[in-house]
$ cat structure-v5.txt   # compact mmCIF, C-alpha atoms
# COMPACT_ATOMS: atom_id res chain seq x y z
CA MET A 15 0.00 0.00 0.00
CA SER A 16 1.44 3.33 -0.99
CA TYR A 17 1.40 6.47 1.14
CA ALA A 18 1.65 10.11 0.11
CA HIS A 19 3.59 12.43 2.46
CA GLY A 20 2.76 10.11 5.37
CA ALA A 21 -0.91 11.15 5.31
CA GLY A 22 -2.35 7.73 4.56
CA PRO A 23 -3.12 5.66 1.51
CA VAL A 24 -3.54 7.43 -1.77
CA ALA A 25 -7.25 7.81 -2.55
CA ALA A 26 -8.52 5.55 -5.25
CA ARG A 27 -8.71 7.21 -8.58
CA LYS A 28 -12.17 8.34 -9.71
CA PRO A 29 -13.39 6.65 -12.85
CA ALA A 30 -12.89 8.70 -15.93
CA GLY A 31 -15.97 10.64 -17.10
CA LYS A 32 -17.94 9.46 -20.11
CA PRO A 33 -16.76 10.74 -23.46
CA ALA A 34 -18.67 13.69 -24.84
CA MET A 35 -20.13 11.64 -27.68
CA ARG A 36 -21.38 9.02 -25.22
CA ARG A 37 -23.07 11.67 -23.05
CA PHE A 38 -24.67 13.18 -26.15
CA ALA A 39 -25.91 9.74 -27.24
CA ASP A 40 -27.46 9.11 -23.82
CA TRP A 41 -29.18 12.50 -23.93
CA ALA A 42 -30.45 12.06 -27.49
CA GLU A 43 -31.60 8.45 -27.14
CA PRO A 44 -35.16 9.15 -25.85
CA TRP A 45 -35.58 11.90 -28.45
CA LEU A 46 -34.54 9.51 -31.22
CA TYR A 47 -37.14 6.99 -30.06
CA SER A 48 -39.87 9.63 -30.15
CA ALA A 49 -38.59 11.30 -33.33
CA PRO A 50 -41.11 9.61 -35.70
CA VAL A 51 -44.04 10.82 -33.60
CA LEU A 52 -42.56 14.31 -33.22
CA VAL A 53 -41.97 14.58 -36.97
CA LEU A 54 -45.54 13.44 -37.61
CA ILE A 55 -46.95 15.99 -35.14
CA VAL A 56 -44.92 18.82 -36.68
CA ALA A 57 -45.83 17.81 -40.24
CA VAL A 58 -49.53 17.16 -39.64
CA MET A 59 -50.41 19.69 -36.93
CA LEU A 60 -47.89 22.48 -36.41
CA VAL A 61 -46.99 23.23 -40.03
CA PRO A 62 -50.63 23.54 -41.21
CA LEU A 63 -51.46 25.58 -38.09
CA VAL A 64 -48.64 28.06 -38.63
CA LEU A 65 -49.39 28.23 -42.36
CA GLY A 66 -53.09 28.81 -41.70
CA LEU A 67 -52.36 31.53 -39.15
CA SER A 68 -50.04 33.25 -41.61
CA TYR A 69 -52.92 33.45 -44.10
CA ALA A 70 -54.72 35.73 -41.64
CA PHE A 71 -52.13 38.41 -42.39
CA ARG A 72 -51.94 37.84 -46.15
CA ASP A 73 -54.25 38.44 -49.08
CA VAL A 74 -54.92 34.87 -50.27
CA GLN A 75 -57.67 34.63 -52.88
CA LEU A 76 -57.69 31.59 -55.11
CA LEU A 77 -59.28 33.39 -58.07
CA ASN A 78 -56.81 36.27 -57.91
CA PRO A 79 -53.40 35.25 -59.31
CA PHE A 80 -51.86 38.48 -57.99
CA SER A 81 -52.88 37.84 -54.38
CA GLY A 82 -50.66 36.46 -51.64
CA GLY A 83 -49.05 39.65 -50.39
CA PHE A 84 -48.75 40.70 -46.74
CA VAL A 85 -51.64 42.91 -45.60
CA GLY A 86 -50.98 43.07 -41.86
CA LEU A 87 -54.09 43.60 -39.75
CA LYS A 88 -56.31 44.52 -42.68
CA HIS A 89 -58.43 41.36 -42.39
CA LEU A 90 -58.92 41.84 -38.65
CA GLU A 91 -59.95 45.46 -39.19
CA ALA A 92 -62.52 44.36 -41.76
CA LEU A 93 -63.70 41.66 -39.40
CA SER A 94 -64.30 44.18 -36.62
CA GLN A 95 -66.83 45.91 -38.90
CA ASP A 96 -68.42 42.74 -40.31
CA ALA A 97 -72.03 42.54 -39.10
CA ALA A 98 -72.37 39.02 -40.51
CA PHE A 99 -69.49 37.87 -38.29
CA TYR A 100 -71.09 39.28 -35.13
CA ARG A 101 -74.37 37.60 -36.07
CA ALA A 102 -72.51 34.33 -36.59
CA LEU A 103 -70.74 34.75 -33.24
CA LYS A 104 -74.08 35.28 -31.49
CA ASN A 105 -75.52 32.22 -33.24
CA THR A 106 -72.45 30.23 -32.19
CA LEU A 107 -73.07 31.02 -28.53
CA TRP A 108 -76.71 29.92 -28.85
CA TRP A 109 -75.87 26.82 -30.90
CA THR A 110 -73.04 25.72 -28.60
CA GLY A 111 -74.71 26.53 -25.29
CA ALA A 112 -78.03 24.85 -26.08
CA SER A 113 -76.39 21.80 -27.63
CA VAL A 114 -73.92 21.23 -24.77
CA PHE A 115 -76.55 21.78 -22.07
CA LEU A 116 -79.09 19.40 -23.60
CA GLN A 117 -76.48 16.78 -24.45
CA PHE A 118 -75.08 16.87 -20.93
CA PHE A 119 -78.46 16.87 -19.19
CA LEU A 120 -79.91 14.01 -21.25
CA GLY A 121 -76.60 12.14 -21.26
CA LEU A 122 -76.40 12.31 -17.46
CA ILE A 123 -79.95 10.97 -17.11
CA LEU A 124 -79.15 8.15 -19.53
CA ALA A 125 -75.90 7.33 -17.67
CA LEU A 126 -77.75 7.18 -14.32
CA LEU A 127 -80.34 4.83 -15.84
CA LEU A 128 -77.71 2.57 -17.41
CA ASP A 129 -75.81 2.44 -14.12
CA LYS A 130 -78.71 0.52 -12.54
CA PRO A 131 -78.84 -3.25 -13.08
CA PHE A 132 -81.71 -4.43 -15.28
CA ALA A 133 -82.33 -7.11 -17.87
CA GLY A 134 -80.75 -6.27 -21.21
CA ARG A 135 -78.49 -3.53 -19.83
CA GLY A 136 -75.57 -4.69 -21.98
CA LEU A 137 -77.66 -4.41 -25.14
CA ALA A 138 -78.94 -0.99 -24.08
CA GLN A 139 -75.38 0.25 -23.50
CA ALA A 140 -74.40 -0.98 -26.97
CA LEU A 141 -77.40 0.75 -28.58
CA VAL A 142 -76.38 4.05 -26.97
CA PHE A 143 -73.52 4.16 -29.48
CA LEU A 144 -75.93 3.93 -32.42
CA PRO A 145 -76.11 7.69 -33.22
CA TRP A 146 -72.31 7.87 -33.38
CA ALA A 147 -72.28 5.06 -35.92
CA VAL A 148 -74.19 7.33 -38.31
CA PRO A 149 -71.99 9.69 -40.40
CA THR A 150 -72.74 13.33 -39.64
CA PHE A 151 -73.61 14.07 -43.28
CA LEU A 152 -76.17 11.27 -43.31
CA ALA A 153 -77.50 12.31 -39.88
CA GLY A 154 -78.03 15.89 -41.07
CA LEU A 155 -79.71 14.70 -44.25
CA ASN A 156 -82.05 12.38 -42.33
CA TRP A 157 -83.06 15.10 -39.88
CA ALA A 158 -83.64 17.55 -42.72
CA TRP A 159 -86.04 15.02 -44.25
CA LEU A 160 -87.75 14.46 -40.89
CA PHE A 161 -88.44 18.20 -40.60
CA ASN A 162 -89.80 18.34 -44.15
CA PRO A 163 -93.64 18.30 -43.89
CA VAL A 164 -93.98 16.56 -47.28
CA ILE A 165 -91.99 13.42 -46.41
CA GLY A 166 -91.28 13.77 -42.69
CA PRO A 167 -93.53 13.19 -39.66
CA LEU A 168 -92.06 15.73 -37.21
CA PRO A 169 -94.03 18.83 -38.35
CA HIS A 170 -97.31 16.90 -38.09
CA TRP A 171 -96.38 15.57 -34.65
CA MET A 172 -95.51 19.07 -33.45
CA VAL A 173 -98.90 20.31 -34.66
CA SER A 174 -100.58 17.51 -32.69
CA LEU A 175 -98.62 18.55 -29.59
CA GLY A 176 -99.57 22.19 -30.06
CA LEU A 177 -96.00 23.30 -30.78
CA LEU A 178 -96.85 24.49 -34.30
CA SER A 179 -100.02 26.01 -35.69
CA ALA A 180 -99.45 24.38 -39.10
CA PRO A 181 -97.19 21.60 -40.37
CA ASN A 182 -94.47 23.88 -41.69
CA ASN A 183 -90.76 23.18 -42.06
CA ILE A 184 -89.07 24.86 -39.10
CA LEU A 185 -85.79 24.92 -41.05
CA ALA A 186 -87.37 27.60 -43.27
CA ASP A 187 -88.60 29.70 -40.34
CA PRO A 188 -86.03 32.35 -39.26
CA GLN A 189 -87.34 32.22 -35.67
CA LEU A 190 -87.18 28.43 -35.32
CA ALA A 191 -84.56 27.31 -37.83
CA MET A 192 -81.71 26.98 -35.30
CA TRP A 193 -83.69 24.40 -33.33
CA GLY A 194 -83.45 21.94 -36.23
CA PRO A 195 -79.64 21.54 -36.18
CA ILE A 196 -79.63 21.73 -32.38
CA ILE A 197 -82.06 18.80 -32.09
CA ALA A 198 -80.02 16.80 -34.60
CA ASN A 199 -76.81 17.67 -32.76
CA VAL A 200 -78.27 16.65 -29.39
CA TRP A 201 -79.39 13.29 -30.81
CA TRP A 202 -75.96 12.73 -32.34
CA GLY A 203 -73.93 13.86 -29.28
CA ILE A 204 -75.77 12.32 -26.31
CA PRO A 205 -73.64 9.10 -26.47
CA PHE A 206 -70.48 11.10 -25.72
CA PHE A 207 -71.78 12.25 -22.35
CA ALA A 208 -73.71 9.05 -21.60
CA ILE A 209 -70.75 6.69 -22.04
CA THR A 210 -68.17 9.00 -20.43
CA LEU A 211 -70.32 9.72 -17.38
CA LEU A 212 -71.34 6.05 -17.11
CA ALA A 213 -67.67 5.06 -16.89
CA ALA A 214 -67.13 7.67 -14.16
CA LEU A 215 -70.23 6.47 -12.27
CA GLN A 216 -69.05 2.87 -12.28
CA ALA A 217 -65.74 3.98 -10.74
CA ILE A 218 -67.45 5.38 -7.61
CA PRO A 219 -67.07 2.96 -4.64
CA ARG A 220 -70.44 1.37 -3.87
CA ASP A 221 -69.76 1.21 -0.15
CA LEU A 222 -70.09 5.01 -0.02
CA TYR A 223 -73.73 4.75 -1.13
CA GLU A 224 -74.37 1.94 1.34
CA ALA A 225 -72.89 3.95 4.21
CA ALA A 226 -74.91 7.03 3.23
CA GLU A 227 -78.10 4.94 3.02
CA ILE A 228 -77.46 3.52 6.48
CA ASP A 229 -77.02 7.06 7.78
CA GLY A 230 -80.48 7.87 6.42
CA ALA A 231 -79.53 9.89 3.33
CA ASN A 232 -82.27 9.97 0.68
CA PRO A 233 -81.51 9.51 -3.06
CA LEU A 234 -81.23 13.25 -3.69
CA GLN A 235 -78.79 13.68 -0.81
CA ARG A 236 -76.71 10.73 -2.02
CA PHE A 237 -76.63 12.24 -5.49
CA THR A 238 -75.54 15.71 -4.34
CA SER A 239 -73.06 14.57 -1.68
CA ILE A 240 -71.47 11.57 -3.42
CA THR A 241 -72.27 11.35 -7.13
CA LEU A 242 -71.79 14.98 -8.14
CA PRO A 243 -68.48 15.53 -6.27
CA PHE A 244 -67.01 12.39 -7.84
CA LEU A 245 -68.31 13.33 -11.29
CA ALA A 246 -67.23 16.99 -11.13
CA PRO A 247 -63.74 16.59 -12.71
CA THR A 248 -65.15 14.35 -15.46
CA ILE A 249 -68.02 16.75 -16.09
CA ALA A 250 -65.58 19.67 -16.42
CA ILE A 251 -63.35 17.95 -18.98
CA THR A 252 -66.23 16.48 -21.00
CA ILE A 253 -67.99 19.85 -21.19
CA LEU A 254 -64.68 21.44 -22.25
CA LEU A 255 -64.10 18.91 -25.02
CA ARG A 256 -67.69 18.96 -26.23
CA THR A 257 -67.90 22.77 -26.24
CA VAL A 258 -64.76 23.13 -28.35
CA TRP A 259 -65.99 20.34 -30.61
CA ILE A 260 -69.46 21.81 -31.17
CA ALA A 261 -68.16 25.36 -31.66
CA ASN A 262 -66.07 24.01 -34.56
CA PHE A 263 -68.77 21.61 -35.77
CA ALA A 264 -70.52 23.00 -38.84
CA ASP A 265 -71.37 19.74 -40.66
CA LEU A 266 -75.01 19.51 -39.55
CA ILE A 267 -75.70 23.19 -40.20
CA ILE A 268 -74.17 23.11 -43.68
CA VAL A 269 -76.15 20.00 -44.61
CA MET A 270 -79.48 21.00 -43.02
CA THR A 271 -79.74 24.78 -43.54
CA ASN A 272 -76.53 25.99 -45.22
CA GLY A 273 -76.55 28.87 -42.74
CA GLY A 274 -80.02 30.09 -43.73
CA PRO A 275 -82.62 31.34 -43.73
CA ALA A 276 -81.23 34.89 -43.75
CA ASP A 277 -78.08 33.74 -41.90
CA ARG A 278 -80.15 32.80 -38.83
CA THR A 279 -78.24 29.50 -38.48
CA GLN A 280 -74.86 30.78 -39.66
CA ILE A 281 -72.23 30.08 -36.99
CA VAL A 282 -68.57 31.10 -37.03
CA ALA A 283 -67.41 27.67 -38.25
CA SER A 284 -69.85 27.67 -41.17
CA TYR A 285 -68.98 31.31 -41.90
CA ILE A 286 -65.33 30.25 -42.21
CA PHE A 287 -66.42 27.53 -44.64
CA THR A 288 -68.43 30.06 -46.65
CA GLN A 289 -65.54 32.52 -46.92
CA ALA A 290 -62.93 29.87 -47.75
CA PHE A 291 -64.68 27.44 -50.08
CA ARG A 292 -67.43 29.55 -51.66
CA ARG A 293 -65.92 33.00 -51.84
CA LEU A 294 -62.43 31.46 -52.05
CA ASP A 295 -61.00 34.14 -49.73
CA PHE A 296 -58.64 32.09 -47.60
CA GLY A 297 -57.04 35.15 -46.03
CA TYR A 298 -60.28 36.50 -44.56
CA ALA A 299 -61.41 32.99 -43.56
CA SER A 300 -58.11 32.47 -41.72
CA ALA A 301 -58.61 35.75 -39.85
CA ILE A 302 -62.03 34.53 -38.67
CA ALA A 303 -60.49 31.20 -37.67
CA LEU A 304 -57.79 33.03 -35.70
CA VAL A 305 -60.40 34.92 -33.67
CA LEU A 306 -62.30 31.68 -33.00
CA LEU A 307 -59.06 29.99 -31.93
CA VAL A 308 -58.27 32.74 -29.42
CA LEU A 309 -61.79 32.63 -27.94
CA LEU A 310 -61.74 28.84 -27.58
CA LEU A 311 -58.25 28.88 -26.03
CA ALA A 312 -59.39 31.42 -23.43
CA TYR A 313 -62.46 29.31 -22.65
CA SER A 314 -60.35 26.14 -22.43
CA MET A 315 -57.93 27.73 -19.97
CA LEU A 316 -60.81 28.73 -17.70
CA ILE A 317 -62.27 25.21 -17.71
CA VAL A 318 -58.86 23.60 -17.11
CA LEU A 319 -58.23 25.88 -14.13
CA LEU A 320 -61.71 25.10 -12.77
CA ARG A 321 -61.11 21.36 -13.15
CA GLN A 322 -57.74 21.66 -11.39
CA ARG A 323 -59.39 23.42 -8.46
CA LEU A 324 -62.03 20.68 -8.27
CA ILE A 325 -59.34 17.99 -8.19
CA GLU A 326 -57.36 19.83 -5.50
CA LYS A 327 -60.54 20.31 -3.47
CA ASP A 328 -61.23 16.56 -3.54
$ encode --input "structure-v5.txt" --output "structure tokens"
Amino acid sequence: MSYAHGAGPVAARKPAGKPAMRRFADWAEPWLYSAPVLVLIVAVMLVPLVLGLSYAFRDVQLLNPFSGGFVGLKHLEALSQDAAFYRALKNTLWWTGASVFLQFFLGLILALLLDKPFAGRGLAQALVFLPWAVPTFLAGLNWAWLFNPVIGPLPHWMVSLGLLSAPNNILADPQLAMWGPIIANVWWGIPFFAITLLAALQAIPRDLYEAAEIDGANPLQRFTSITLPFLAPTIAITILLRTVWIANFADLIIVMTNGGPADRTQIVASYIFTQAFRRLDFGYASAIALVLLVLLLAYSMLIVLLRQRLIEKD
């Protein structure tokens, strides 16, 4: 054993550090594994998003070969004075709010019913998915036919119920036209809430209900003190997803009413479609899409913060 200056054995040498290339390889290894997914995300999502946002500040008209130049905030200035846009924004609030509320309310009732054991429950749960199996174009076409008094029964049924004075097509009535796509949207979207809330209901421990029943809690008290608190985070995220989805969902409106009559069913998403694919003004359509994106991002942040507070509270 060797000694240095009589102070004891020489300390064992520390192992040499990894070469720089080896350290770089260790750092890059997880990124290389995820590289295909990252490239796909950039190519499919980020590049079109950035390109689309850039159109909002350029004059892009397909029928004008001299377009494409930078116009700055010109589109946004024109949008601030566009009465049709403000009407579409108001219609979007009505369309989205009514659709989400009715889908959630009816979906919650359906989930509570399917959570109870009964004969044929498995078949009933499978049938709940039936509306989602129908393509949206076909769903809109079918509902448009149902509201047609010549070939559809709904106007005659509504007259029998006292909802209409005559069997007229409500899709042609400026005061009632929005209800047509809303009803079709509610029918098509109930399964989303029903299945999602049913899964959350089945995750609630059953012994909590048994303990509450022993303590004398009635069904309403059990629902408000156990079911709703457990469902609150799921309700927040499902409402967030469905709201963003419906606000961007113009398929039913385009098929059933095409934004009419007199723009009474024109929402922001369908107005974007009109500007881009009928007037072929991609620059102005992108400016409208940019405003809708900002509004939905602000709404999403509020819901996410609310959901986080609900989770922390639990």
$ residues_around --input "structure-v5.txt" --residues "Leu245 of chain A" --least-positions-apart "4" --cutoff "9 Å" --atoms "all atoms listed in the file" --output "number ranges by chain"
A: 211, 214-215, 218, 240-241, 249-250
$ atom_distance --input "structure-v5.txt" --atom1 "atom CA of Pro188 of chain A" --atom2 "atom CA of Ile204 of chain A"
26.0 Å
$ closest_atom_pairs --input "structure-v5.txt" --of "segment 152-220 of chain A" --to "segment 109-117 of chain A" --cutoff "10 Å" --atoms "all atoms listed in the file" --output "Markdown table"
| residue | atom | partner | partner_atom | distance |
| --- | --- | --- | --- | --- |
| A:Met192 | CA | A:Trp109 | CA | 7.3 |
| A:Trp193 | CA | A:Trp109 | CA | 8.5 |
| A:Pro195 | CA | A:Trp109 | CA | 8.4 |
| A:Ile196 | CA | A:Ser113 | CA | 5.8 |
| A:Ile197 | CA | A:Ser113 | CA | 7.8 |
| A:Ala198 | CA | A:Ser113 | CA | 9.3 |
| A:Asn199 | CA | A:Ser113 | CA | 6.6 |
| A:Val200 | CA | A:Gln117 | CA | 5.3 |
| A:Trp201 | CA | A:Gln117 | CA | 7.8 |
| A:Trp202 | CA | A:Gln117 | CA | 8.9 |
| A:Gly203 | CA | A:Gln117 | CA | 6.2 |
| A:Ile204 | CA | A:Gln117 | CA | 4.9 |
| A:Pro205 | CA | A:Gln117 | CA | 8.4 |
| A:Phe206 | CA | A:Gln117 | CA | 8.4 |
| A:Phe207 | CA | A:Gln117 | CA | 6.9 |
| A:Ala208 | CA | A:Gln117 | CA | 8.7 |
$ closest_residue --input "structure-v5.txt" --among "A:Ile267, A:Ala301, A:Ala217, A:Val258" --to "Ser314 of chain A" --atoms "only C-alpha atoms"
A:Val258
$ residues_around --input "structure-v5.txt" --residues "Phe71 of chain A" --least-positions-apart "2" --cutoff "10 Å" --atoms "all atoms listed in the file" --output "MDAnalysis selection string"
chainID A and resid 66:69 73:74 82:90 297:298 300:301
$ atom_distance --input "structure-v5.txt" --atom1 "atom CA of Leu266 of chain A" --atom2 "atom CA of Phe99 of chain A"
19.2 Å
$ closest_residue --input "structure-v5.txt" --among "A:Gln139, A:Thr238, A:Ser94, A:Thr257" --to "Leu124 of chain A" --atoms "all atoms listed in the file"
A:Gln139
$ residues_around --input "structure-v5.txt" --residues "Val269 of chain A" --least-positions-apart "2" --cutoff "7 Å" --atoms "all atoms listed in the file" --output "list in words"
Phe151, Gly154, Leu155, Asp265, Leu266, Ile267, Thr271 and Asn272 of chain A
$ atom_distance --input "structure-v5.txt" --atom1 "atom CA of Val173 of chain A" --atom2 "atom CA of Ala276 of chain A"
24.6 Å
$ closest_residue --input "structure-v5.txt" --among "A:Ile325, A:Ala92, A:Ala213, A:Leu185" --to "Phe161 of chain A" --atoms "all atoms listed in the file"
A:Leu185
$ residues_around --input "structure-v5.txt" --residues "segment 106-108 of chain A" --least-positions-apart "2" --cutoff "8 Å" --atoms "only C-alpha atoms" --output "VMD selection string"
chain A and resid 102 to 104 110 to 112 261 280 to 282
$ residues_around --input "structure-v5.txt" --residues "Pro247 of chain A" --least-positions-apart "2" --cutoff "12 Å" --atoms "all atoms listed in the file" --output "list of chain:residue names"
A:Thr210, A:Leu211, A:Ala214, A:Thr241, A:Leu242, A:Pro243, A:Phe244, A:Leu245, A:Ile249, A:Ala250, A:Ile251, A:Thr252, A:Ile253, A:Leu254, A:Ile317, A:Val318, A:Leu319, A:Leu320, A:Arg321, A:Gln322, A:Arg323, A:Leu324, A:Ile325, A:Glu326, A:Lys327, A:Asp328
$ closest_residue --input "structure-v5.txt" --among "A:Arg293, A:Lys130, A:Arg101, A:Arg278" --to "Gln189 of chain A" --atoms "all atoms listed in the file"
A:Arg278
$ closest_residue --input "structure-v5.txt" --among "A:Leu76, A:Met270, A:Met35, A:Leu307" --to "Trp159 of chain A" --atoms "all atoms listed in the file"
A:Met270
$ decode --input "structure-v5.txt" --residues "segment 292-303 of chain A" --atoms "N, CA, C and O atoms" --output "compact mmCIF listing (two decimals), in the first residue's frame"
# COMPACT_ATOMS: atom_id res chain seq x y z
N ARG A 292 -66.43 29.02 -50.73
CA ARG A 292 -67.43 29.55 -51.66
C ARG A 292 -66.99 30.89 -52.23
O ARG A 292 -67.12 31.13 -53.42
N ARG A 293 -66.47 31.74 -51.35
CA ARG A 293 -65.92 33.00 -51.84
C ARG A 293 -64.43 32.89 -52.14
O ARG A 293 -63.84 33.83 -52.67
N LEU A 294 -63.83 31.76 -51.75
CA LEU A 294 -62.43 31.46 -52.05
C LEU A 294 -61.47 32.52 -51.52
O LEU A 294 -60.41 32.77 -52.10
N ASP A 295 -61.85 33.14 -50.39
CA ASP A 295 -61.00 34.14 -49.73
C ASP A 295 -60.39 33.49 -48.49
O ASP A 295 -60.92 33.59 -47.39
N PHE A 296 -59.26 32.82 -48.70
CA PHE A 296 -58.64 32.09 -47.60
C PHE A 296 -58.02 33.03 -46.57
O PHE A 296 -57.90 32.67 -45.40
N GLY A 297 -57.62 34.20 -46.98
CA GLY A 297 -57.04 35.15 -46.03
C GLY A 297 -58.07 35.61 -45.02
O GLY A 297 -57.82 35.59 -43.80
N TYR A 298 -59.23 36.03 -45.47
CA TYR A 298 -60.28 36.50 -44.56
C TYR A 298 -60.81 35.35 -43.72
O TYR A 298 -61.07 35.52 -42.53
N ALA A 299 -60.96 34.15 -44.32
CA ALA A 299 -61.41 32.99 -43.56
C ALA A 299 -60.41 32.63 -42.47
O ALA A 299 -60.81 32.26 -41.35
N SER A 300 -59.12 32.76 -42.73
CA SER A 300 -58.11 32.47 -41.72
C SER A 300 -58.16 33.49 -40.58
O SER A 300 -57.91 33.15 -39.43
N ALA A 301 -58.47 34.74 -40.90
CA ALA A 301 -58.61 35.75 -39.85
C ALA A 301 -59.78 35.41 -38.93
O ALA A 301 -59.68 35.55 -37.70
N ILE A 302 -60.89 34.95 -39.50
CA ILE A 302 -62.03 34.53 -38.67
C ILE A 302 -61.64 33.34 -37.82
O ILE A 302 -61.97 33.27 -36.63
N ALA A 303 -60.92 32.38 -38.41
CA ALA A 303 -60.49 31.20 -37.67
C ALA A 303 -59.54 31.58 -36.54
O ALA A 303 -59.57 30.96 -35.45
